[in-house]
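For reference, final07.tsv is printed below; it contains TSV, C-alpha atoms.
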```
chain	number	residue	atom	x	y	z
A	1163	PRO	CA	174.86	73.28	213.99
A	1164	PHE	CA	176.38	70.42	215.90
A	1165	CYS	CA	174.47	69.16	218.94
A	1166	ARG	CA	177.27	70.36	221.22
A	1167	VAL	CA	176.79	73.98	220.10
A	1168	THR	CA	174.65	76.05	222.46
A	1169	PRO	CA	171.46	77.03	220.64
A	1170	PRO	CA	170.73	80.74	220.22
A	1171	ALA	CA	168.64	82.41	222.93
A	1172	THR	CA	166.22	84.06	220.45
A	1173	ASN	CA	165.01	83.51	216.90
A	1174	GLU	CA	166.67	86.79	215.90
A	1175	GLU	CA	170.00	85.58	217.26
A	1176	GLY	CA	169.54	82.31	215.36
A	1177	GLU	CA	168.78	84.16	212.13
A	1178	ALA	CA	171.84	86.41	212.58
A	1179	LYS	CA	174.08	83.37	213.14
A	1180	LYS	CA	172.65	81.66	210.07
A	1181	MET	CA	173.22	84.72	207.86
A	1182	LYS	CA	176.79	84.97	209.15
A	1183	ARG	CA	177.26	81.35	208.05
A	1184	VAL	CA	175.72	82.19	204.66
A	1185	GLU	CA	178.25	85.02	204.21
A	1186	ALA	CA	181.02	82.50	204.96
A	1187	ASN	CA	179.59	80.20	202.23
A	1188	ASP	CA	178.68	77.44	204.68
A	1189	PRO	CA	176.87	74.84	202.50
A	1190	VAL	CA	174.42	73.90	205.27
A	1191	ALA	CA	173.34	77.51	205.78
A	1192	LEU	CA	173.16	78.12	202.02
A	1193	ASP	CA	171.01	75.00	201.61
A	1194	GLU	CA	168.67	76.11	204.42
A	1195	VAL	CA	168.23	79.60	202.93
A	1196	GLY	CA	167.69	78.00	199.51
A	1197	LYS	CA	164.92	75.81	200.98
A	1198	LYS	CA	163.27	78.83	202.58
A	1199	HIS	CA	163.23	80.65	199.24
A	1200	TYR	CA	161.93	77.51	197.50
A	1201	HIS	CA	159.02	77.22	199.94
A	1202	ASP	CA	158.33	80.94	199.40
A	1203	LYS	CA	158.22	80.14	195.64
A	1204	ASN	CA	161.26	82.34	194.99
A	1205	TYR	CA	162.87	79.71	192.76
A	1206	SER	CA	165.53	81.95	191.24
A	1207	ALA	CA	166.89	82.81	194.72
A	1208	SER	CA	166.85	79.15	195.77
A	1209	PHE	CA	168.67	78.26	192.55
A	1210	GLU	CA	171.42	80.78	193.32
A	1211	TYR	CA	171.86	79.65	196.95
A	1212	TRP	CA	171.95	75.98	195.97
A	1213	LYS	CA	174.47	76.64	193.19
A	1214	ARG	CA	176.72	78.26	195.83
A	1215	ALA	CA	176.14	75.40	198.30
A	1216	ILE	CA	177.27	72.64	195.89
A	1217	LYS	CA	180.69	74.28	195.67
A	1218	GLY	CA	181.27	73.18	199.27
A	1219	GLU	CA	181.32	69.78	200.91
A	1220	GLY	CA	179.25	67.88	203.43
A	1221	PRO	CA	175.53	67.58	204.13
A	1222	GLY	CA	174.62	71.06	202.89
A	1223	ALA	CA	176.21	70.45	199.51
A	1224	VAL	CA	174.59	67.02	199.26
A	1225	GLY	CA	171.15	68.43	200.06
A	1226	ALA	CA	171.67	71.25	197.57
A	1227	HIS	CA	172.42	68.72	194.81
A	1228	ALA	CA	169.16	66.92	195.59
A	1229	HIS	CA	167.22	70.19	195.59
A	1230	LEU	CA	168.79	71.44	192.37
A	1231	ALA	CA	167.60	68.23	190.71
A	1232	LYS	CA	164.00	69.34	191.44
A	1233	LEU	CA	164.60	72.68	189.76
A	1234	TYR	CA	166.07	71.00	186.68
A	1235	GLU	CA	163.23	68.46	186.64
A	1236	HIS	CA	160.58	71.19	186.50
A	1237	GLY	CA	162.55	74.00	184.83
A	1238	LEU	CA	162.25	76.46	187.72
A	1239	GLY	CA	164.22	79.50	188.85
A	1240	GLY	CA	166.65	79.91	186.00
A	1241	ALA	CA	167.28	76.18	185.69
A	1242	GLU	CA	166.05	75.12	182.29
A	1243	LYS	CA	164.28	71.77	182.23
A	1244	ASP	CA	167.19	69.36	181.73
A	1245	GLU	CA	166.93	65.63	182.43
A	1246	LYS	CA	170.71	65.09	182.24
A	1247	LYS	CA	171.41	67.77	184.85
A	1248	GLU	CA	168.54	66.48	186.99
A	1249	LEU	CA	170.02	62.95	186.94
A	1250	TYR	CA	173.55	64.24	187.53
A	1251	HIS	CA	172.53	66.09	190.69
A	1252	LEU	CA	170.39	63.18	191.90
A	1253	GLU	CA	173.27	60.74	191.40
A	1254	VAL	CA	175.78	62.98	193.20
A	1255	ALA	CA	173.40	63.33	196.14
A	1256	ALA	CA	172.49	59.63	196.20
A	1257	ILE	CA	176.12	58.49	196.10
A	1258	ALA	CA	176.84	60.87	199.00
A	1259	GLY	CA	174.05	59.25	201.05
A	1260	HIS	CA	170.92	61.35	200.46
A	1261	PRO	CA	167.96	58.94	200.83
A	1262	GLY	CA	165.50	61.33	199.15
A	1263	ALA	CA	167.70	61.43	196.06
A	1264	ARG	CA	167.77	57.61	196.09
A	1265	CYS	CA	163.97	57.54	196.14
A	1266	SER	CA	163.85	60.06	193.29
A	1267	LEU	CA	166.23	57.87	191.28
A	1268	ALA	CA	163.98	54.89	192.03
A	1269	ASN	CA	160.99	56.87	190.70
A	1270	TYR	CA	162.95	57.77	187.57
A	1271	GLU	CA	164.01	54.16	186.96
A	1272	GLY	CA	160.46	52.92	187.58
A	1273	ARG	CA	159.01	55.41	185.07
A	1274	HIS	CA	161.51	54.16	182.51
A	1275	GLY	CA	160.70	50.47	183.02
A	1276	ASN	CA	163.79	49.58	185.06
A	1277	GLU	CA	161.96	48.02	188.03
A	1278	ASP	CA	165.00	46.03	189.23
A	1279	ARG	CA	167.12	49.18	189.41
A	1280	ALA	CA	164.28	51.04	191.10
A	1281	VAL	CA	164.04	48.36	193.80
A	1282	LYS	CA	167.82	48.45	194.33
A	1283	HIS	CA	167.69	52.22	194.88
A	1284	LEU	CA	164.82	51.79	197.35
A	1285	ILE	CA	166.70	49.09	199.27
A	1286	ILE	CA	169.71	51.39	199.63
A	1287	ALA	CA	167.41	54.19	200.85
A	1288	VAL	CA	165.82	51.78	203.36
A	1289	LYS	CA	169.27	51.02	204.75
A	1290	GLN	CA	169.58	54.78	205.33
A	1291	GLY	CA	166.31	54.82	207.27
A	1292	SER	CA	164.02	56.31	204.61
A	1293	SER	CA	160.34	55.91	205.52
A	1294	ASP	CA	159.43	56.94	201.97
A	1295	ALA	CA	161.47	54.03	200.58
A	1296	ILE	CA	159.98	51.43	202.94
A	1297	ASN	CA	156.47	52.66	202.07
A	1298	LYS	CA	157.22	52.33	198.36
A	1299	LEU	CA	158.64	48.84	198.90
A	1300	GLN	CA	155.54	47.90	200.88
A	1301	LYS	CA	153.40	49.04	197.94
A	1302	LEU	CA	155.52	46.94	195.57
A	1303	TYR	CA	155.13	43.96	197.93
A	1304	THR	CA	151.33	44.31	197.98
A	1305	GLN	CA	151.40	44.44	194.17
A	1306	GLY	CA	153.40	41.19	194.12
A	1307	MET	CA	156.50	42.81	192.62
A	1308	ILE	CA	158.78	41.75	195.50
A	1309	LYS	CA	158.61	38.59	197.59
A	1310	LYS	CA	157.54	38.37	201.22
A	1311	LYS	CA	160.99	37.21	202.34
A	1312	GLY	CA	162.68	40.15	200.61
A	1313	PHE	CA	160.24	42.68	202.04
A	1314	ALA	CA	160.60	41.21	205.55
A	1315	ALA	CA	164.39	41.57	205.29
A	1316	CYS	CA	163.98	45.21	204.17
A	1317	LEU	CA	161.64	45.87	207.08
A	1318	ARG	CA	164.19	44.51	209.58
A	1319	VAL	CA	166.95	46.63	208.03
A	1320	TYR	CA	164.72	49.71	208.16
A	1321	GLN	CA	163.85	49.16	211.82
A	1322	LYS	CA	167.53	48.73	212.66
A	1323	ALA	CA	168.42	51.94	210.79
A	1324	VAL	CA	165.71	53.91	212.60
A	1325	GLU	CA	166.84	52.59	216.00
A	1326	ALA	CA	170.44	53.58	215.22
A	1327	THR	CA	169.44	57.19	214.66
A	1328	LYS	CA	167.58	57.72	217.93
A	1329	SER	CA	169.15	60.19	220.35
A	1330	PRO	CA	167.97	62.85	222.83
A	1331	GLN	CA	169.26	65.57	220.49
A	1332	ARG	CA	167.24	64.24	217.54
A	1333	GLU	CA	164.14	63.95	219.70
A	1334	LEU	CA	164.58	67.59	220.77
A	1335	ALA	CA	165.01	68.66	217.13
A	1336	ALA	CA	161.88	66.71	216.13
A	1337	LYS	CA	159.98	68.40	218.95
A	1338	SER	CA	161.08	71.86	217.80
A	1339	ILE	CA	160.10	71.09	214.20
A	1340	ALA	CA	156.69	69.85	215.38
A	1341	GLN	CA	156.26	73.22	217.11
A	1342	GLY	CA	157.00	75.02	213.86
A	1343	LEU	CA	160.53	76.05	214.80
A	1344	HIS	CA	163.77	75.42	212.97
A	1345	PRO	CA	166.05	72.89	214.69
A	1346	TRP	CA	168.44	75.70	215.67
A	1347	ASP	CA	165.66	77.62	217.44
A	1348	ARG	CA	165.31	77.09	221.18
A	1349	VAL	CA	162.57	74.80	222.47
A	1350	PRO	CA	161.48	76.00	225.92
A	1351	ASN	CA	161.99	73.49	228.69
A	1352	GLN	CA	158.74	72.04	230.01
A	1353	GLY	CA	159.46	73.40	233.51
A	1354	GLN	CA	160.10	77.01	232.44
A	1355	SER	CA	157.51	79.67	233.01
A	1356	GLN	CA	156.52	82.07	230.23
A	1357	THR	CA	158.66	84.85	231.75
A	1358	GLN	CA	161.71	82.58	232.01
A	1359	ARG	CA	161.37	81.74	228.28
A	1360	GLN	CA	161.50	85.39	227.26
```
This entry written out as structure tokens:
Amino acid sequence: PFCRVTPPATNEEGEAKKMKRVEANDPVALDEVGKKHYHDKNYSASFEYWKRAIKGEGPGAVGAHAHLAKLYEHGLGGAEKDEKKELYHLEVAAIAGHPGARCSLANYEGRHGNEDRAVKHLIIAVKQGSSDAINKLQKLYTQGMIKKKGFAACLRVYQKAVEATKSPQRELAAKSIAQGLHPWDRVPNQGQSQTQRQ
């Protein structure tokens, strides 16, 4: 949900709202339910939710493309192992701005001997604030595969991207995730007593 939407008062209310969004074919909700099934190792259910999510637009559809690529890479949940479909979904997600898909494309290019293309994908992911990409570039720098000047420029770009994403709403979401809650679940205010939270 958008930051301006009042979070649900209880986890049950949050779950009901999410399922209502799933029924309306909201790609974000479909992607979230697909991820839950994936983590529960119910790959066929995640495959079905992600196939529905990519029919929509926006972040949920983009994430679903990236997640479907994993299923096609490993042949899970009704998705037969298919490198062409894996790459298709990674490319769609990467073009739409998914940094994880960019890093996966970099891995693919690196495995196939296309180091220059791999580095280009990582640089794009760094511009999107991907810590995974900057860590991979740092490893390449220590191996002497990229120059100090180039790595320093990437580091500055990464730091700028991270600074640009800071906000009180993101900090609250990070706090709720650290507590094991979904971002849409309520995080009790520090000043509330236990009875006020319930």
Requested in this report: Report the distance between atom CA of Cys1316 of chain A and atom CA of Gly1272 of chain A in Å, rounded to one decimal place.
Outcome: 18.6 Å
Axis-aligned box for all listed atoms of segment 1238-1246 of chain A, 6 Å per side, centre and edges in Å to one decimal, as AutoDock Vina command-line options:
```
--center_x 166.5 --center_y 72.5 --center_z 185.3 --size_x 20.5 --size_y 26.8 --size_z 19.1
```
Report task. May I have the residues within 10 Å of Ala1287 of chain A as a ChimeraX atom specification, using only C-alpha atoms and disregarding those fewer than 6 positions away in the same chain? Result -> /A:1256,1259-1265,1268,1281,1293-1296,1320
If we count only C-alpha atoms, what is near Ala1223 of chain A at a cut-off of 7 Å, once residues fewer than 5 positions away on the same chain are taken out, given as a PDB file with C-alpha atoms, in the coordinates of the input?
```pdb
ATOM      1  CA  PRO A1189     176.870  74.840 202.500  1.00  0.00           C
ATOM      2  CA  VAL A1190     174.420  73.900 205.270  1.00  0.00           C
ATOM      3  CA  ALA A1215     176.140  75.400 198.300  1.00  0.00           C
ATOM      4  CA  ILE A1216     177.270  72.640 195.890  1.00  0.00           C
ATOM      5  CA  GLY A1218     181.270  73.180 199.270  1.00  0.00           C
TER       6      GLY A1218
END
```
Requested in this report: Please indicate the distance in Å from atom CA of Ser1206 of chain A to atom CA of Tyr1250 of chain A, rounded to one decimal place.
Outcome: 19.8 Å
Closest atom pairs, segment 1175-1227 of chain A residues within 12 Å of segment 1330-1346 of chain A, all atoms listed in the file, as CSV:
```
residue,atom,partner,partner_atom,distance
A:Glu1175,CA,A:Trp1346,CA,10.1
A:Gly1176,CA,A:Trp1346,CA,6.7
A:Glu1177,CA,A:Trp1346,CA,9.2
A:Ala1178,CA,A:Trp1346,CA,11.7
A:Lys1179,CA,A:Trp1346,CA,9.9
A:Lys1180,CA,A:Trp1346,CA,9.2
A:Ala1191,CA,A:Trp1346,CA,11.2
A:Glu1194,CA,A:His1344,CA,9.9
A:Val1195,CA,A:His1344,CA,11.8
A:Lys1198,CA,A:His1344,CA,10.9
```
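When all atoms listed in the file are used to compute distances to Asp1278 of chain A, the closest of the residues A:Ala1226, A:Leu1249, A:Ala1255, A:Ile1308 turns out to be A:Ile1308.
One distance worth recording is that between atom CA of Ala1280 of chain A and atom CA of Thr1304 of chain A, which is 16.1 Å.
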I want to know what sits within 12 Å of Tyr1270 of chain A, based on all atoms listed in the file, with residues of the same chain fewer than 3 positions away left out; could you give that as a PDB file with C-alpha atoms, in the coordinates of the input?
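Okay, this is what ended up in result.pdb:
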```pdb
ATOM      1  CA  ALA A1231     167.600  68.230 190.710  1.00  0.00           C
ATOM      2  CA  GLU A1235     163.230  68.460 186.640  1.00  0.00           C
ATOM      3  CA  GLU A1245     166.930  65.630 182.430  1.00  0.00           C
ATOM      4  CA  LYS A1246     170.710  65.090 182.240  1.00  0.00           C
ATOM      5  CA  GLU A1248     168.540  66.480 186.990  1.00  0.00           C
ATOM      6  CA  LEU A1249     170.020  62.950 186.940  1.00  0.00           C
ATOM      7  CA  LEU A1252     170.390  63.180 191.900  1.00  0.00           C
ATOM      8  CA  GLU A1253     173.270  60.740 191.400  1.00  0.00           C
ATOM      9  CA  ALA A1263     167.700  61.430 196.060  1.00  0.00           C
ATOM     10  CA  ARG A1264     167.770  57.610 196.090  1.00  0.00           C
ATOM     11  CA  CYS A1265     163.970  57.540 196.140  1.00  0.00           C
ATOM     12  CA  SER A1266     163.850  60.060 193.290  1.00  0.00           C
ATOM     13  CA  LEU A1267     166.230  57.870 191.280  1.00  0.00           C
ATOM     14  CA  ARG A1273     159.010  55.410 185.070  1.00  0.00           C
ATOM     15  CA  HIS A1274     161.510  54.160 182.510  1.00  0.00           C
ATOM     16  CA  GLY A1275     160.700  50.470 183.020  1.00  0.00           C
ATOM     17  CA  ASN A1276     163.790  49.580 185.060  1.00  0.00           C
ATOM     18  CA  GLU A1277     161.960  48.020 188.030  1.00  0.00           C
ATOM     19  CA  ARG A1279     167.120  49.180 189.410  1.00  0.00           C
ATOM     20  CA  ALA A1280     164.280  51.040 191.100  1.00  0.00           C
ATOM     21  CA  VAL A1281     164.040  48.360 193.800  1.00  0.00           C
ATOM     22  CA  HIS A1283     167.690  52.220 194.880  1.00  0.00           C
ATOM     23  CA  LEU A1284     164.820  51.790 197.350  1.00  0.00           C
TER      24      LEU A1284
END
```
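With all atoms listed in the file as the atoms that count, the minimum distance from Asn1269 of chain A to the choices A:Ala1326, A:Val1254, A:Met1181, A:Leu1299 is reached by A:Leu1299.
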Set the distance at 9 Å and use all atoms listed in the file: which residues neighbour Val1319 of chain A once local chain neighbours fewer than 3 positions away are removed? I'd like the list as a short mmCIF file (atom, residue, chain, number, x, y, z; two decimals) with C-alpha atoms, in the coordinates of the input.
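Final file, result36.cif:
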```cif
data_model
loop_
_atom_site.label_atom_id
_atom_site.label_comp_id
_atom_site.auth_asym_id
_atom_site.auth_seq_id
_atom_site.Cartn_x
_atom_site.Cartn_y
_atom_site.Cartn_z
CA VAL A 1288 165.82 51.78 203.36
CA LYS A 1289 169.27 51.02 204.75
CA GLN A 1290 169.58 54.78 205.33
CA GLY A 1291 166.31 54.82 207.27
CA ALA A 1314 160.60 41.21 205.55
CA ALA A 1315 164.39 41.57 205.29
CA CYS A 1316 163.98 45.21 204.17
CA LYS A 1322 167.53 48.73 212.66
CA ALA A 1323 168.42 51.94 210.79
CA VAL A 1324 165.71 53.91 212.60
#
```
Report summary line: Of A:Thr1172, A:Gly1239, A:Lys1232, A:Gln1305, the one sitting nearest Glu1210 of chain A when using all atoms listed in the file is A:Gly1239
